[in-house]
Amino acid sequence: PGPAAGGVASGSGLIGGFATKENTFTIQAKDSCGNDVKEGGASFLCTLKPRLPRSAKEIAESQVKGGPDPIAFTATCKDNGDGTYTVSFTSPEVCTYDLKIKMGDKPISNPDHEVSIVPAGEENIIEQLFH
C-alpha cells in the first residue's frame, strides 16, 4: 500500500451518541487503490454542525434549559500509528448534527453522516438506531 489518499469511517459514533459523554468512531486510512494503509501520518478533519432549528423534543431534553443553541465543533482525531484513527467528540447538548469527514480538503469515501445525540443514560434509543 502507498501513502494515505482517503479513508473509510465506521463505528457507533457515526450514527449517534450521548450528550455529555465521549462518543467515538474509527477511520481506516486507504491508499489511492483502496487498500488499507498500515502506518500513521494522515490528517483527518471531522466537523459536527448542529441541525437548526432543533426539534421540540431535543429542546425539551436539553441539558441547558433556555440556553443558546448548540454550536459547530471539531472532533479530536487520534493517530493510532497503524493506519487507523480514533475520532472522539463530546456534545454538551441533545441535538442532531451533520458530521463531515475530510482528509485534507477532500471528503473520504463515506464523508457525510447524521449523528443523533440523545440524553445520557438512554442506551435503548441507540440500540433502536442500530436495528
# chains A, B, ... in the order shown; residues from 1 in each chain; ligands from 1
call {"tool": "select_by_dssp", "arguments": {"residues": "stretch 47-117 of chain A", "states": "helix (DSSP H, G or I)", "output": "PyMOL selection string"}}
result
chain A and resi 56-60
call {"tool": "write_last_selection", "arguments": {"atoms": "all heavy atoms", "output": "compact mmCIF listing (two decimals), in the first residue's frame"}}
result
# COMPACT_ATOMS: atom_id res chain seq x y z
N ALA A 56 -38.62 20.10 18.98
CA ALA A 56 -39.17 20.38 20.31
C ALA A 56 -38.68 19.34 21.32
O ALA A 56 -38.38 19.66 22.47
CB ALA A 56 -40.69 20.40 20.26
N LYS A 57 -38.55 18.08 20.88
CA LYS A 57 -38.07 17.00 21.76
C LYS A 57 -36.62 17.27 22.18
O LYS A 57 -36.27 17.12 23.34
CB LYS A 57 -38.19 15.66 21.06
CG LYS A 57 -37.78 14.47 21.92
CD LYS A 57 -38.03 13.17 21.17
CE LYS A 57 -37.85 11.93 21.98
NZ LYS A 57 -36.60 11.69 22.59
N GLU A 58 -35.78 17.68 21.22
CA GLU A 58 -34.38 17.98 21.55
C GLU A 58 -34.28 19.14 22.54
O GLU A 58 -33.50 19.09 23.49
CB GLU A 58 -33.59 18.31 20.28
CG GLU A 58 -33.33 17.12 19.40
CD GLU A 58 -32.68 17.47 18.08
OE1 GLU A 58 -32.78 18.63 17.61
OE2 GLU A 58 -32.06 16.56 17.49
N ILE A 59 -35.08 20.15 22.34
CA ILE A 59 -35.06 21.30 23.25
C ILE A 59 -35.54 20.89 24.64
O ILE A 59 -34.95 21.27 25.65
CB ILE A 59 -35.91 22.47 22.69
CG1 ILE A 59 -35.22 23.03 21.43
CG2 ILE A 59 -36.11 23.56 23.74
CD1 ILE A 59 -36.07 23.99 20.64
N ALA A 60 -36.58 20.06 24.71
CA ALA A 60 -37.11 19.59 26.00
C ALA A 60 -36.08 18.76 26.76
O ALA A 60 -36.03 18.80 27.99
CB ALA A 60 -38.38 18.78 25.78
call {"tool": "select_by_dssp", "arguments": {"residues": "stretch 70-101 of chain A", "states": "strand (DSSP E or B)", "output": "PyMOL selection string"}}
result
chain A and resi 73-74+76-79+84-90+95-101
call {"tool": "atom_distance", "arguments": {"atom1": "atom CA of A:Lys100", "atom2": "atom CA of A:His113"}}
result
6.7 Å
call {"tool": "atom_distance", "arguments": {"atom1": "atom CA of A:Pro53", "atom2": "atom CA of A:Phe25"}}
result
25.9 Å
call {"tool": "closest_residue", "arguments": {"among": "A:Ser62, A:Ser88, A:Thr24, A:Thr47", "to": "A:Lys102", "atoms": "only C-alpha atoms"}}
result
A:Thr47
call {"tool": "closest_residue", "arguments": {"among": "A:Asp112, A:Asp98, A:Asp79, A:Glu61", "to": "A:Gly41", "atoms": "only C-alpha atoms"}}
result
A:Asp79
call {"tool": "residues_around", "arguments": {"residues": "A:Ser91", "least_positions_apart": "5", "cutoff": "10 Å", "atoms": "only C-alpha atoms", "output": "list in words"}}
result
Gly17, Phe18, Ala19, Thr20, Lys21, Glu22, Asn23, Leu48, Pro70, Ile71, Ala72, Phe73, Ala75, Tyr97, Ile117 and Val118 of chain A
call {"tool": "write_last_selection", "arguments": {"atoms": "all heavy atoms", "output": "compact mmCIF listing (two decimals), in the first residue's frame"}}
result
# COMPACT_ATOMS: atom_id res chain seq x y z
N GLY A 17 -25.03 9.07 19.74
CA GLY A 17 -24.29 9.02 20.98
C GLY A 17 -25.04 9.73 22.08
O GLY A 17 -26.24 10.01 21.95
N PHE A 18 -24.34 10.01 23.15
CA PHE A 18 -24.96 10.57 24.35
C PHE A 18 -24.41 11.94 24.68
O PHE A 18 -23.19 12.15 24.64
CB PHE A 18 -24.73 9.62 25.54
CG PHE A 18 -25.25 8.24 25.28
CD1 PHE A 18 -24.40 7.21 24.96
CD2 PHE A 18 -26.61 7.99 25.32
CE1 PHE A 18 -24.87 5.94 24.69
CE2 PHE A 18 -27.10 6.72 25.05
CZ PHE A 18 -26.24 5.69 24.74
N ALA A 19 -25.30 12.85 25.05
CA ALA A 19 -24.89 14.18 25.48
C ALA A 19 -24.02 14.07 26.73
O ALA A 19 -24.27 13.23 27.59
CB ALA A 19 -26.11 15.05 25.76
N THR A 20 -23.02 14.88 26.80
CA THR A 20 -22.06 14.99 27.92
C THR A 20 -21.16 13.77 28.08
O THR A 20 -20.40 13.70 29.03
CB THR A 20 -22.73 15.32 29.26
OG1 THR A 20 -23.48 14.19 29.72
CG2 THR A 20 -23.64 16.54 29.17
N LYS A 21 -21.22 12.80 27.16
CA LYS A 21 -20.37 11.61 27.21
C LYS A 21 -19.48 11.59 25.97
O LYS A 21 -19.85 12.11 24.92
CB LYS A 21 -21.21 10.32 27.23
CG LYS A 21 -22.19 10.23 28.37
CD LYS A 21 -21.50 9.94 29.66
CE LYS A 21 -22.52 9.74 30.76
NZ LYS A 21 -21.93 9.61 32.06
N GLU A 22 -18.32 10.92 26.09
CA GLU A 22 -17.46 10.78 24.93
C GLU A 22 -18.05 9.76 23.97
O GLU A 22 -18.44 8.67 24.37
CB GLU A 22 -16.05 10.36 25.34
CG GLU A 22 -15.11 10.27 24.16
CD GLU A 22 -13.70 9.89 24.57
OE1 GLU A 22 -13.48 8.72 24.92
OE2 GLU A 22 -12.82 10.79 24.53
N ASN A 23 -18.13 10.13 22.70
CA ASN A 23 -18.63 9.27 21.63
C ASN A 23 -17.50 9.07 20.63
O ASN A 23 -16.73 9.99 20.39
CB ASN A 23 -19.84 9.94 20.95
CG ASN A 23 -20.93 10.25 21.95
OD1 ASN A 23 -21.62 9.37 22.42
ND2 ASN A 23 -21.07 11.52 22.32
N LEU A 48 -18.66 18.69 13.27
CA LEU A 48 -20.06 18.44 13.58
C LEU A 48 -20.78 19.78 13.63
O LEU A 48 -20.39 20.68 14.39
CB LEU A 48 -20.20 17.72 14.91
CG LEU A 48 -19.66 16.29 14.88
CD1 LEU A 48 -18.36 16.20 15.64
CD2 LEU A 48 -20.68 15.34 15.43
N PRO A 70 -26.85 24.74 20.27
CA PRO A 70 -25.51 24.16 20.17
C PRO A 70 -24.73 24.80 19.02
O PRO A 70 -25.32 25.28 18.05
CB PRO A 70 -25.77 22.69 19.87
CG PRO A 70 -27.17 22.44 20.26
CD PRO A 70 -27.89 23.74 20.09
N ILE A 71 -23.43 24.80 19.13
CA ILE A 71 -22.58 25.37 18.10
C ILE A 71 -21.80 24.26 17.40
O ILE A 71 -21.67 23.15 17.93
CB ILE A 71 -21.61 26.42 18.66
CG1 ILE A 71 -20.70 25.79 19.73
CG2 ILE A 71 -22.36 27.61 19.22
CD1 ILE A 71 -19.58 26.69 20.20
N ALA A 72 -21.28 24.54 16.23
CA ALA A 72 -20.46 23.58 15.50
C ALA A 72 -19.14 23.38 16.24
O ALA A 72 -18.66 24.29 16.93
CB ALA A 72 -20.20 24.10 14.09
N PHE A 73 -18.57 22.19 16.11
CA PHE A 73 -17.27 21.93 16.73
C PHE A 73 -16.52 20.86 15.95
O PHE A 73 -17.09 20.17 15.10
CB PHE A 73 -17.42 21.56 18.21
CG PHE A 73 -18.21 20.30 18.48
CD1 PHE A 73 -17.58 19.08 18.62
CD2 PHE A 73 -19.58 20.36 18.60
CE1 PHE A 73 -18.31 17.93 18.89
CE2 PHE A 73 -20.33 19.22 18.87
CZ PHE A 73 -19.68 18.00 19.01
N ALA A 75 -14.18 17.41 16.05
CA ALA A 75 -13.87 16.23 16.87
C ALA A 75 -12.36 16.05 16.96
O ALA A 75 -11.60 16.54 16.12
CB ALA A 75 -14.51 14.99 16.26
N TYR A 97 -26.67 16.34 14.62
CA TYR A 97 -25.56 17.01 13.95
C TYR A 97 -25.35 16.45 12.56
O TYR A 97 -25.59 15.27 12.31
CB TYR A 97 -24.25 16.79 14.73
CG TYR A 97 -24.18 17.52 16.04
CD1 TYR A 97 -24.60 16.90 17.22
CD2 TYR A 97 -23.68 18.80 16.13
CE1 TYR A 97 -24.53 17.56 18.44
CE2 TYR A 97 -23.60 19.47 17.33
CZ TYR A 97 -24.03 18.85 18.49
OH TYR A 97 -23.96 19.50 19.69
N ILE A 117 -27.65 12.85 18.91
CA ILE A 117 -27.19 12.84 20.29
C ILE A 117 -28.40 12.86 21.20
O ILE A 117 -29.27 13.73 21.09
CB ILE A 117 -26.26 14.04 20.58
CG1 ILE A 117 -25.05 14.01 19.64
CG2 ILE A 117 -25.84 14.06 22.04
CD1 ILE A 117 -24.15 12.80 19.79
N VAL A 118 -28.49 11.86 22.08
CA VAL A 118 -29.62 11.70 22.99
C VAL A 118 -29.14 11.92 24.43
O VAL A 118 -27.94 11.94 24.70
CB VAL A 118 -30.28 10.31 22.83
CG1 VAL A 118 -30.81 10.12 21.41
CG2 VAL A 118 -29.31 9.20 23.19
call {"tool": "atom_distance", "arguments": {"atom1": "atom CA of A:Thr96", "atom2": "atom CA of A:Leu45"}}
result
19.0 Å
call {"tool": "closest_residue", "arguments": {"among": "A:Asp31, A:Ala42, A:Gly104, A:Gly16", "to": "A:Thr90", "atoms": "only C-alpha atoms"}}
result
A:Gly16
call {"tool": "residues_around", "arguments": {"residues": "A:Asp82", "least_positions_apart": "3", "cutoff": "9 Å", "atoms": "only C-alpha atoms", "output": "PyMOL selection string"}}
result
chain A and resi 37-40+79+85
call {"tool": "write_last_selection", "arguments": {"atoms": "N, CA, C and O atoms", "output": "compact mmCIF listing (two decimals), in the first residue's frame"}}
result
# COMPACT_ATOMS: atom_id res chain seq x y z
N VAL A 37 -4.12 1.36 4.61
CA VAL A 37 -2.78 1.86 4.91
C VAL A 37 -2.40 1.30 6.28
O VAL A 37 -3.24 1.23 7.19
N LYS A 38 -1.17 0.88 6.46
CA LYS A 38 -0.74 0.21 7.69
C LYS A 38 0.13 1.09 8.58
O LYS A 38 0.70 0.62 9.56
N GLU A 39 0.25 2.39 8.26
CA GLU A 39 1.04 3.31 9.09
C GLU A 39 0.28 4.61 9.26
O GLU A 39 -0.63 4.92 8.49
N GLY A 40 0.66 5.36 10.27
CA GLY A 40 0.00 6.63 10.57
C GLY A 40 0.55 7.76 9.72
O GLY A 40 1.28 7.56 8.76
N ASP A 79 -4.21 9.63 15.95
CA ASP A 79 -3.49 8.73 15.06
C ASP A 79 -3.01 7.53 15.87
O ASP A 79 -2.22 7.68 16.80
N TYR A 85 -7.48 5.63 12.89
CA TYR A 85 -7.58 6.89 13.64
C TYR A 85 -8.84 6.81 14.48
O TYR A 85 -9.92 6.49 13.98
call {"tool": "closest_residue", "arguments": {"among": "A:Phe89, A:Pro50, A:Val8, A:Leu14", "to": "A:Lys30", "atoms": "only C-alpha atoms"}}
result
A:Val8
